[in-house]
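K.L.:
Following this line is work32.pdb, made up of PDB, C-alpha atoms:
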```pdb
ATOM      1  CA  MET A   1      -5.064  11.716   0.096
ATOM      2  CA  SER A   2      -6.020   8.193   1.101
ATOM      3  CA  SER A   3      -3.561   5.434   1.911
ATOM      4  CA  ARG A   4      -4.949   3.474  -1.021
ATOM      5  CA  GLN A   5      -4.142   6.368  -3.382
ATOM      6  CA  TYR A   6      -0.620   6.672  -1.936
ATOM      7  CA  ALA A   7      -0.125   2.950  -2.562
ATOM      8  CA  ALA A   8      -1.391   3.331  -6.131
ATOM      9  CA  ASP A   9       1.000   6.236  -6.712
ATOM     10  CA  ILE A  10       3.917   4.205  -5.336
ATOM     11  CA  LEU A  11       3.049   1.333  -7.685
ATOM     12  CA  GLN A  12       3.038   3.742 -10.651
ATOM     13  CA  GLU A  13       6.468   5.035  -9.641
ATOM     14  CA  LEU A  14       7.785   1.488  -9.347
ATOM     15  CA  GLU A  15       6.372   0.498 -12.716
ATOM     16  CA  ARG A  16       8.034   3.513 -14.333
ATOM     17  CA  THR A  17      11.354   2.715 -12.643
ATOM     18  CA  LEU A  18      11.348  -1.030 -13.265
ATOM     19  CA  SER A  19      10.203  -0.749 -16.875
ATOM     20  CA  GLN A  20      13.546   0.900 -17.648
ATOM     21  CA  ILE A  21      15.760  -1.929 -16.380
ATOM     22  CA  ASP A  22      18.345  -2.927 -18.985
ATOM     23  CA  ASP A  23      18.185  -6.690 -19.666
ATOM     24  CA  THR A  24      21.812  -6.712 -20.818
ATOM     25  CA  GLU A  25      22.949  -5.257 -17.494
ATOM     26  CA  MET A  26      20.831  -7.779 -15.589
ATOM     27  CA  GLN A  27      22.201 -10.688 -17.644
ATOM     28  CA  ALA A  28      25.790  -9.571 -16.997
ATOM     29  CA  MET A  29      25.102  -9.291 -13.255
ATOM     30  CA  ALA A  30      23.506 -12.757 -13.191
ATOM     31  CA  GLU A  31      26.493 -14.262 -15.018
ATOM     32  CA  HIS A  32      28.960 -12.709 -12.560
ATOM     33  CA  ILE A  33      27.000 -14.002  -9.585
ATOM     34  CA  LEU A  34      26.635 -17.527 -10.948
ATOM     35  CA  ALA A  35      30.319 -17.708 -11.942
ATOM     36  CA  ALA A  36      31.533 -16.808  -8.444
ATOM     37  CA  GLU A  37      32.672 -19.322  -5.860
ATOM     38  CA  GLN A  38      31.348 -17.022  -3.144
ATOM     39  CA  VAL A  39      29.127 -13.957  -3.354
ATOM     40  CA  PHE A  40      29.470 -11.075  -0.911
ATOM     41  CA  VAL A  41      26.605  -8.586  -0.560
ATOM     42  CA  ALA A  42      26.666  -5.180   1.121
ATOM     43  CA  GLY A  43      24.682  -1.984   1.371
ATOM     44  CA  ALA A  44      24.054   0.697   3.960
ATOM     45  CA  GLY A  45      20.783   1.471   5.729
ATOM     46  CA  ARG A  46      17.619   0.339   3.964
ATOM     47  CA  SER A  47      19.612  -0.572   0.847
ATOM     48  CA  GLY A  48      21.600  -2.941   3.052
ATOM     49  CA  LEU A  49      18.385  -4.553   4.269
ATOM     50  CA  MET A  50      17.342  -5.156   0.662
ATOM     51  CA  GLY A  51      20.788  -6.671   0.044
ATOM     52  CA  LYS A  52      20.301  -9.036   2.981
ATOM     53  CA  ALA A  53      16.978 -10.175   1.521
ATOM     54  CA  PHE A  54      18.770 -10.875  -1.767
ATOM     55  CA  ALA A  55      21.539 -12.788   0.031
ATOM     56  CA  MET A  56      18.863 -14.995   1.610
ATOM     57  CA  ARG A  57      17.474 -15.879  -1.826
ATOM     58  CA  LEU A  58      20.966 -16.619  -3.157
ATOM     59  CA  MET A  59      21.516 -18.996  -0.229
ATOM     60  CA  GLN A  60      18.177 -20.641  -1.016
ATOM     61  CA  MET A  61      19.414 -21.078  -4.591
ATOM     62  CA  GLY A  62      22.355 -23.041  -3.176
ATOM     63  CA  LEU A  63      25.010 -20.362  -3.672
ATOM     64  CA  ARG A  64      27.700 -19.613  -1.100
ATOM     65  CA  VAL A  65      26.784 -16.098  -0.038
ATOM     66  CA  TYR A  66      27.812 -13.784   2.782
ATOM     67  CA  VAL A  67      26.657 -10.422   4.033
ATOM     68  CA  VAL A  68      29.714  -8.209   4.503
ATOM     69  CA  GLY A  69      30.239  -7.261   8.134
ATOM     70  CA  GLU A  70      28.734 -10.367   9.696
ATOM     71  CA  THR A  71      31.018 -12.293  12.049
ATOM     72  CA  VAL A  72      31.091 -15.406   9.841
ATOM     73  CA  THR A  73      32.092 -13.589   6.633
ATOM     74  CA  PRO A  74      35.379 -14.950   5.209
ATOM     75  CA  GLY A  75      37.938 -13.090   3.126
ATOM     76  CA  ILE A  76      37.325 -12.367  -0.549
ATOM     77  CA  SER A  77      39.402 -13.860  -3.393
ATOM     78  CA  PRO A  78      39.644 -13.375  -7.166
ATOM     79  CA  LYS A  79      37.179 -16.267  -7.618
ATOM     80  CA  ASP A  80      34.473 -14.407  -5.678
ATOM     81  CA  PHE A  81      32.105 -11.518  -6.428
ATOM     82  CA  LEU A  82      31.154  -8.455  -4.389
ATOM     83  CA  LEU A  83      27.698  -6.970  -5.017
ATOM     84  CA  LEU A  84      27.080  -3.505  -3.605
ATOM     85  CA  CYS A  85      23.727  -1.738  -3.272
ATOM     86  CA  SER A  86      24.021   2.059  -3.258
ATOM     87  CA  GLY A  87      21.668   4.606  -4.745
ATOM     88  CA  SER A  88      24.292   7.344  -4.868
ATOM     89  CA  GLY A  89      27.240   5.060  -5.553
ATOM     90  CA  GLU A  90      29.207   7.287  -3.184
ATOM     91  CA  THR A  91      28.693   5.629   0.216
ATOM     92  CA  GLY A  92      32.150   5.806   1.799
ATOM     93  CA  SER A  93      32.161   2.427   3.511
ATOM     94  CA  LEU A  94      30.950   0.705   0.336
ATOM     95  CA  ALA A  95      33.525   2.510  -1.825
ATOM     96  CA  ALA A  96      36.213   1.221   0.556
ATOM     97  CA  MET A  97      34.850  -2.325   0.151
ATOM     98  CA  ALA A  98      34.917  -1.976  -3.637
ATOM     99  CA  GLN A  99      38.544  -0.823  -3.494
ATOM    100  CA  LYS A 100      39.545  -3.715  -1.219
ATOM    101  CA  ALA A 101      37.762  -6.281  -3.396
ATOM    102  CA  SER A 102      39.374  -4.875  -6.538
ATOM    103  CA  LYS A 103      42.779  -4.964  -4.848
ATOM    104  CA  ALA A 104      42.141  -8.638  -3.989
ATOM    105  CA  GLY A 105      41.303  -9.298  -7.660
ATOM    106  CA  ALA A 106      37.584  -9.918  -7.091
ATOM    107  CA  PRO A 107      35.070  -8.470  -9.538
ATOM    108  CA  VAL A 108      32.632  -5.900  -8.155
ATOM    109  CA  GLY A 109      29.002  -5.323  -9.092
ATOM    110  CA  LEU A 110      26.791  -2.366  -8.254
ATOM    111  CA  ILE A 111      23.073  -1.687  -8.366
ATOM    112  CA  THR A 112      22.658   2.076  -8.338
ATOM    113  CA  ILE A 113      21.037   5.198  -9.684
ATOM    114  CA  LYS A 114      24.406   6.626 -10.688
ATOM    115  CA  PRO A 115      26.666   4.306 -12.718
ATOM    116  CA  GLU A 116      29.160   7.164 -13.183
ATOM    117  CA  SER A 117      29.713   7.307  -9.394
ATOM    118  CA  THR A 118      32.895   6.427  -7.509
ATOM    119  CA  ILE A 119      31.695   2.866  -6.874
ATOM    120  CA  GLY A 120      30.374   2.601 -10.427
ATOM    121  CA  GLN A 121      33.854   3.376 -11.758
ATOM    122  CA  LEU A 122      35.304   0.631  -9.536
ATOM    123  CA  SER A 123      32.700  -1.911 -10.698
ATOM    124  CA  ASP A 124      32.962  -4.572 -13.367
ATOM    125  CA  THR A 125      29.210  -4.675 -13.867
ATOM    126  CA  VAL A 126      26.467  -2.175 -13.024
ATOM    127  CA  VAL A 127      22.680  -2.286 -13.078
ATOM    128  CA  ARG A 128      21.143   1.177 -13.226
ATOM    129  CA  LEU A 129      17.791   1.981 -11.659
ATOM    130  CA  GLN A 130      15.923   5.084 -12.794
ATOM    131  CA  ALA A 131      15.028   6.337  -9.323
ATOM    132  CA  SER A 132      15.863   9.183  -6.963
ATOM    133  CA  ALA A 133      18.676   9.012  -4.446
ATOM    134  CA  LYS A 134      17.804  10.446  -1.039
ATOM    135  CA  GLU A 135      19.962  13.493  -1.700
ATOM    136  CA  ASP A 136      18.341  14.076  -5.117
ATOM    137  CA  THR A 137      14.650  14.194  -4.249
ATOM    138  CA  ALA A 138      14.683  18.005  -4.293
ATOM    139  CA  ASN A 139      16.854  18.307  -7.433
ATOM    140  CA  ALA A 140      15.526  19.049 -10.880
ATOM    141  CA  GLY A 141      16.219  16.187 -13.262
ATOM    142  CA  ALA A 142      15.832  13.475 -10.619
ATOM    143  CA  ALA A 143      13.140  10.841 -11.072
ATOM    144  CA  VAL A 144       9.870  12.265  -9.802
ATOM    145  CA  THR A 145       8.616  10.631  -6.613
ATOM    146  CA  ILE A 146       6.127  11.451  -3.890
ATOM    147  CA  GLN A 147       8.154   9.316  -1.481
ATOM    148  CA  PRO A 148      10.733  10.585   0.969
ATOM    149  CA  MET A 149      14.460  10.132   0.678
ATOM    150  CA  GLY A 150      15.530   6.949  -1.126
ATOM    151  CA  SER A 151      12.308   4.951  -0.806
ATOM    152  CA  LEU A 152      11.783   4.572  -4.554
ATOM    153  CA  PHE A 153      15.335   3.282  -5.034
ATOM    154  CA  GLU A 154      15.097   0.889  -2.092
ATOM    155  CA  GLN A 155      11.782  -0.571  -3.246
ATOM    156  CA  GLY A 156      13.042  -0.799  -6.821
ATOM    157  CA  LEU A 157      16.234  -2.427  -5.555
ATOM    158  CA  LEU A 158      14.320  -5.230  -3.844
ATOM    159  CA  LEU A 159      12.160  -5.885  -6.904
ATOM    160  CA  THR A 160      15.144  -5.689  -9.253
ATOM    161  CA  MET A 161      17.002  -8.256  -7.178
ATOM    162  CA  ASP A 162      13.908 -10.483  -7.150
ATOM    163  CA  ALA A 163      13.882 -10.229 -10.964
ATOM    164  CA  LEU A 164      17.594 -11.096 -10.897
ATOM    165  CA  VAL A 165      16.796 -14.202  -8.834
ATOM    166  CA  LEU A 166      14.208 -15.262 -11.416
ATOM    167  CA  THR A 167      16.746 -14.663 -14.198
ATOM    168  CA  MET A 168      19.306 -16.874 -12.447
ATOM    169  CA  MET A 169      16.698 -19.528 -11.661
ATOM    170  CA  GLU A 170      15.893 -19.698 -15.368
ATOM    171  CA  MET A 171      19.602 -19.890 -16.247
ATOM    172  CA  LYS A 172      19.982 -22.821 -13.814
ATOM    173  CA  SER A 173      16.644 -24.458 -14.751
ATOM    174  CA  MET A 174      15.640 -24.138 -11.102
ATOM    175  CA  THR A 175      12.183 -23.900  -9.581
ATOM    176  CA  GLY A 176      10.910 -22.514  -6.303
ATOM    177  CA  ALA A 177      10.456 -26.099  -5.144
ATOM    178  CA  ASP A 178      14.201 -26.658  -5.647
ATOM    179  CA  MET A 179      14.876 -23.737  -3.331
ATOM    180  CA  PHE A 180      12.360 -24.596  -0.632
ATOM    181  CA  GLY A 181      14.575 -27.284   0.924
ATOM    182  CA  ARG A 182      17.045 -24.552   1.894
ATOM    183  CA  HIS A 183      14.373 -22.435   3.611
ATOM    184  CA  ALA A 184      14.937 -21.843   7.333
ATOM    185  CA  ASN A 185      13.471 -24.687   9.389
ATOM    186  CA  LEU A 186      14.814 -24.103  12.905
ATOM    187  CA  GLU A 187      11.922 -21.907  14.016
TER     188      GLU A 187
END
```
What is this structure when it is put down as structure tokens?

P.N.:
Amino acid sequence: MSSRQYAADILQELERTLSQIDDTEMQAMAEHILAAEQVFVAGAGRSGLMGKAFAMRLMQMGLRVYVVGETVTPGISPKDFLLLCSGSGETGSLAAMAQKASKAGAPVGLITIKPESTIGQLSDTVVRLQASAKEDTANAGAAVTIQPMGSLFEQGLLLTMDALVLTMMEMKSMTGADMFGRHANLE
């Protein structure tokens, strides 16, 4: 198969996945993020990289945002919000973060394939993506994908968070021009 056909197949998978996003879940996530004094974002592996991209956009929106694990990340309080990115919702380090945030009184959000997961049960708000977790790609009943491991989830995660940014921009009557002044300029 050609690379062009693979790309076309990936786009079809993404369209199928993203067309099933629940607007009510997205609205609730946006409201939690915008209500927080500080937003903390975390994920593991490629999901974590997508989370970092989202954190960058939140910073460009003017929000106080931190990536968990960085040396400049402060403590979390009840006025803050922790957003976790986990396809399985079972990543041990992220479950521990959710427990600590809950213990501190901070609401927790999750973007996942499995809202019924351990982290999902600890979360105040969840956005579900109809994708395949890396451990599910061989299981019957999982979303069909030609891609290895969690690629469909990770790609869908990035696009879902970009849609979330647009949702929040609309809620704040913000444009891309408003954000551009916070773009990195030390290069």

K.L.:
Run the PyMOL selection byres ((chain A and resi 58) around 10) on the file and write out the hits as a VMD selection string.

P.N.:
chain A and resid 33 to 34 39 52 to 57 59 to 66 165 168 to 169 179

K.L.:
Got a sec to resolve the PyMOL selection byres ((chain A and resi 78) around 9) on this structure and send the residues as a ChimeraX atom specification?

P.N.:
/A:36,76-77,79-81,101-102,104-107

K.L.:
Using Å and a single decimal, report how far atom CA of A:Gly43 sits from atom CA of A:Gly92.

P.N.:
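Separation between atom CA of A:Gly92 and atom CA of A:Gly43: 10.8 Å.
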
K.L.:
For this file, the PyMOL selection byres ((chain A and resi 44) around 9) selects which residues, as a VMD selection string?

P.N.:
chain A and resid 42 to 43 45 to 49 51 85 to 86 91 93 to 94

K.L.:
Would you mind listing what lies within 6 Å of stretch 119-122 of chain A as a PyMOL selection string, with all atoms listed in the file counted and same-chain residues fewer than 2 positions away left out?

P.N.:
chain A and resi 89+95+115-117

K.L.:
Residues near stretch 9-11 of chain A, anyone? I mean within 8 Å using only C-alpha atoms, not counting same-chain ones fewer than 2 positions away, as a PyMOL selection string.

P.N.:
chain A and resi 5-7+13-15+146-147+152

K.L.:
Kindly save the residues from that selection, with C-alpha atoms included, as a compact mmCIF listing (two decimals), in the coordinates of the input.

P.N.:
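Full text of out35.txt as output:
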```txt
# COMPACT_ATOMS: atom_id res chain seq x y z
CA GLN A 5 -4.14 6.37 -3.38
CA TYR A 6 -0.62 6.67 -1.94
CA ALA A 7 -0.12 2.95 -2.56
CA GLU A 13 6.47 5.04 -9.64
CA LEU A 14 7.78 1.49 -9.35
CA GLU A 15 6.37 0.50 -12.72
CA ILE A 146 6.13 11.45 -3.89
CA GLN A 147 8.15 9.32 -1.48
CA LEU A 152 11.78 4.57 -4.55
```

K.L.:
Tell me which of A:Gln38, A:Ser132, A:Thr112, A:Ser88 sits closest to A:Thr145, counting only C-alpha atoms.

P.N.:
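Smallest distance to A:Thr145 is found for A:Ser132.
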
K.L.:
Which residue out of A:Leu82, A:Leu18, A:Val68, A:Met97 has the minimum interatomic distance to A:Leu158 when only C-alpha atoms are used?

P.N.:
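Among the listed residues, A:Leu18 lies closest to A:Leu158.
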
K.L.:
Starting from the incomplete input, reconstruct N, CA, C and O atoms of stretch 8-30 of chain A and write that as a compact mmCIF listing (two decimals), keeping the file's coordinate frame.

P.N.:
```txt
# COMPACT_ATOMS: atom_id res chain seq x y z
N ALA A 8 -1.26 3.34 -4.67
CA ALA A 8 -1.39 3.33 -6.13
C ALA A 8 -0.32 4.20 -6.78
O ALA A 8 0.27 3.83 -7.80
N ASP A 9 -0.03 5.35 -6.18
CA ASP A 9 1.00 6.24 -6.71
C ASP A 9 2.38 5.59 -6.61
O ASP A 9 3.20 5.69 -7.53
N ILE A 10 2.64 4.91 -5.51
CA ILE A 10 3.92 4.20 -5.34
C ILE A 10 4.07 3.12 -6.41
O ILE A 10 5.14 2.97 -7.01
N LEU A 11 3.00 2.37 -6.65
CA LEU A 11 3.05 1.33 -7.68
C LEU A 11 3.33 1.93 -9.06
O LEU A 11 4.10 1.34 -9.85
N GLN A 12 2.76 3.08 -9.37
CA GLN A 12 3.04 3.74 -10.65
C GLN A 12 4.51 4.13 -10.74
O GLN A 12 5.14 3.97 -11.79
N GLU A 13 5.05 4.66 -9.65
CA GLU A 13 6.47 5.04 -9.64
C GLU A 13 7.34 3.81 -9.86
O GLU A 13 8.31 3.85 -10.63
N LEU A 14 7.00 2.71 -9.19
CA LEU A 14 7.78 1.49 -9.35
C LEU A 14 7.69 0.94 -10.76
O LEU A 14 8.69 0.48 -11.33
N GLU A 15 6.51 0.98 -11.34
CA GLU A 15 6.37 0.50 -12.72
C GLU A 15 7.23 1.33 -13.67
O GLU A 15 7.92 0.79 -14.54
N ARG A 16 7.21 2.64 -13.49
CA ARG A 16 8.03 3.51 -14.33
C ARG A 16 9.52 3.18 -14.16
O ARG A 16 10.26 3.05 -15.13
N THR A 17 9.94 3.01 -12.93
CA THR A 17 11.35 2.72 -12.64
C THR A 17 11.76 1.35 -13.19
O THR A 17 12.78 1.22 -13.88
N LEU A 18 10.97 0.33 -12.89
CA LEU A 18 11.35 -1.03 -13.26
C LEU A 18 11.21 -1.30 -14.76
O LEU A 18 11.90 -2.17 -15.30
N SER A 19 10.36 -0.55 -15.43
CA SER A 19 10.20 -0.75 -16.88
C SER A 19 11.44 -0.30 -17.65
O SER A 19 11.58 -0.61 -18.83
N GLN A 20 12.35 0.40 -16.98
CA GLN A 20 13.55 0.90 -17.65
C GLN A 20 14.80 0.08 -17.33
O GLN A 20 15.91 0.45 -17.71
N ILE A 21 14.62 -1.06 -16.66
CA ILE A 21 15.76 -1.93 -16.38
C ILE A 21 16.34 -2.45 -17.70
O ILE A 21 15.60 -2.83 -18.60
N ASP A 22 17.65 -2.46 -17.79
CA ASP A 22 18.34 -2.93 -18.98
C ASP A 22 18.62 -4.43 -18.85
O ASP A 22 19.37 -4.85 -17.96
N ASP A 23 18.01 -5.23 -19.72
CA ASP A 23 18.18 -6.69 -19.67
C ASP A 23 19.64 -7.12 -19.84
O ASP A 23 20.07 -8.11 -19.24
N THR A 24 20.40 -6.38 -20.62
CA THR A 24 21.81 -6.71 -20.82
C THR A 24 22.59 -6.54 -19.52
O THR A 24 23.43 -7.39 -19.16
N GLU A 25 22.30 -5.47 -18.79
CA GLU A 25 22.95 -5.26 -17.49
C GLU A 25 22.57 -6.36 -16.50
O GLU A 25 23.42 -6.87 -15.76
N MET A 26 21.30 -6.73 -16.51
CA MET A 26 20.83 -7.78 -15.59
C MET A 26 21.48 -9.12 -15.94
O MET A 26 21.88 -9.87 -15.04
N GLN A 27 21.58 -9.43 -17.22
CA GLN A 27 22.20 -10.69 -17.64
C GLN A 27 23.67 -10.73 -17.21
O GLN A 27 24.15 -11.75 -16.71
N ALA A 28 24.38 -9.62 -17.39
CA ALA A 28 25.79 -9.57 -17.00
C ALA A 28 25.94 -9.77 -15.49
O ALA A 28 26.84 -10.48 -15.02
N MET A 29 25.05 -9.14 -14.72
CA MET A 29 25.10 -9.29 -13.26
C MET A 29 24.84 -10.75 -12.88
O MET A 29 25.56 -11.32 -12.05
N ALA A 30 23.84 -11.35 -13.48
CA ALA A 30 23.51 -12.76 -13.19
C ALA A 30 24.69 -13.67 -13.51
O ALA A 30 25.02 -14.57 -12.73
```
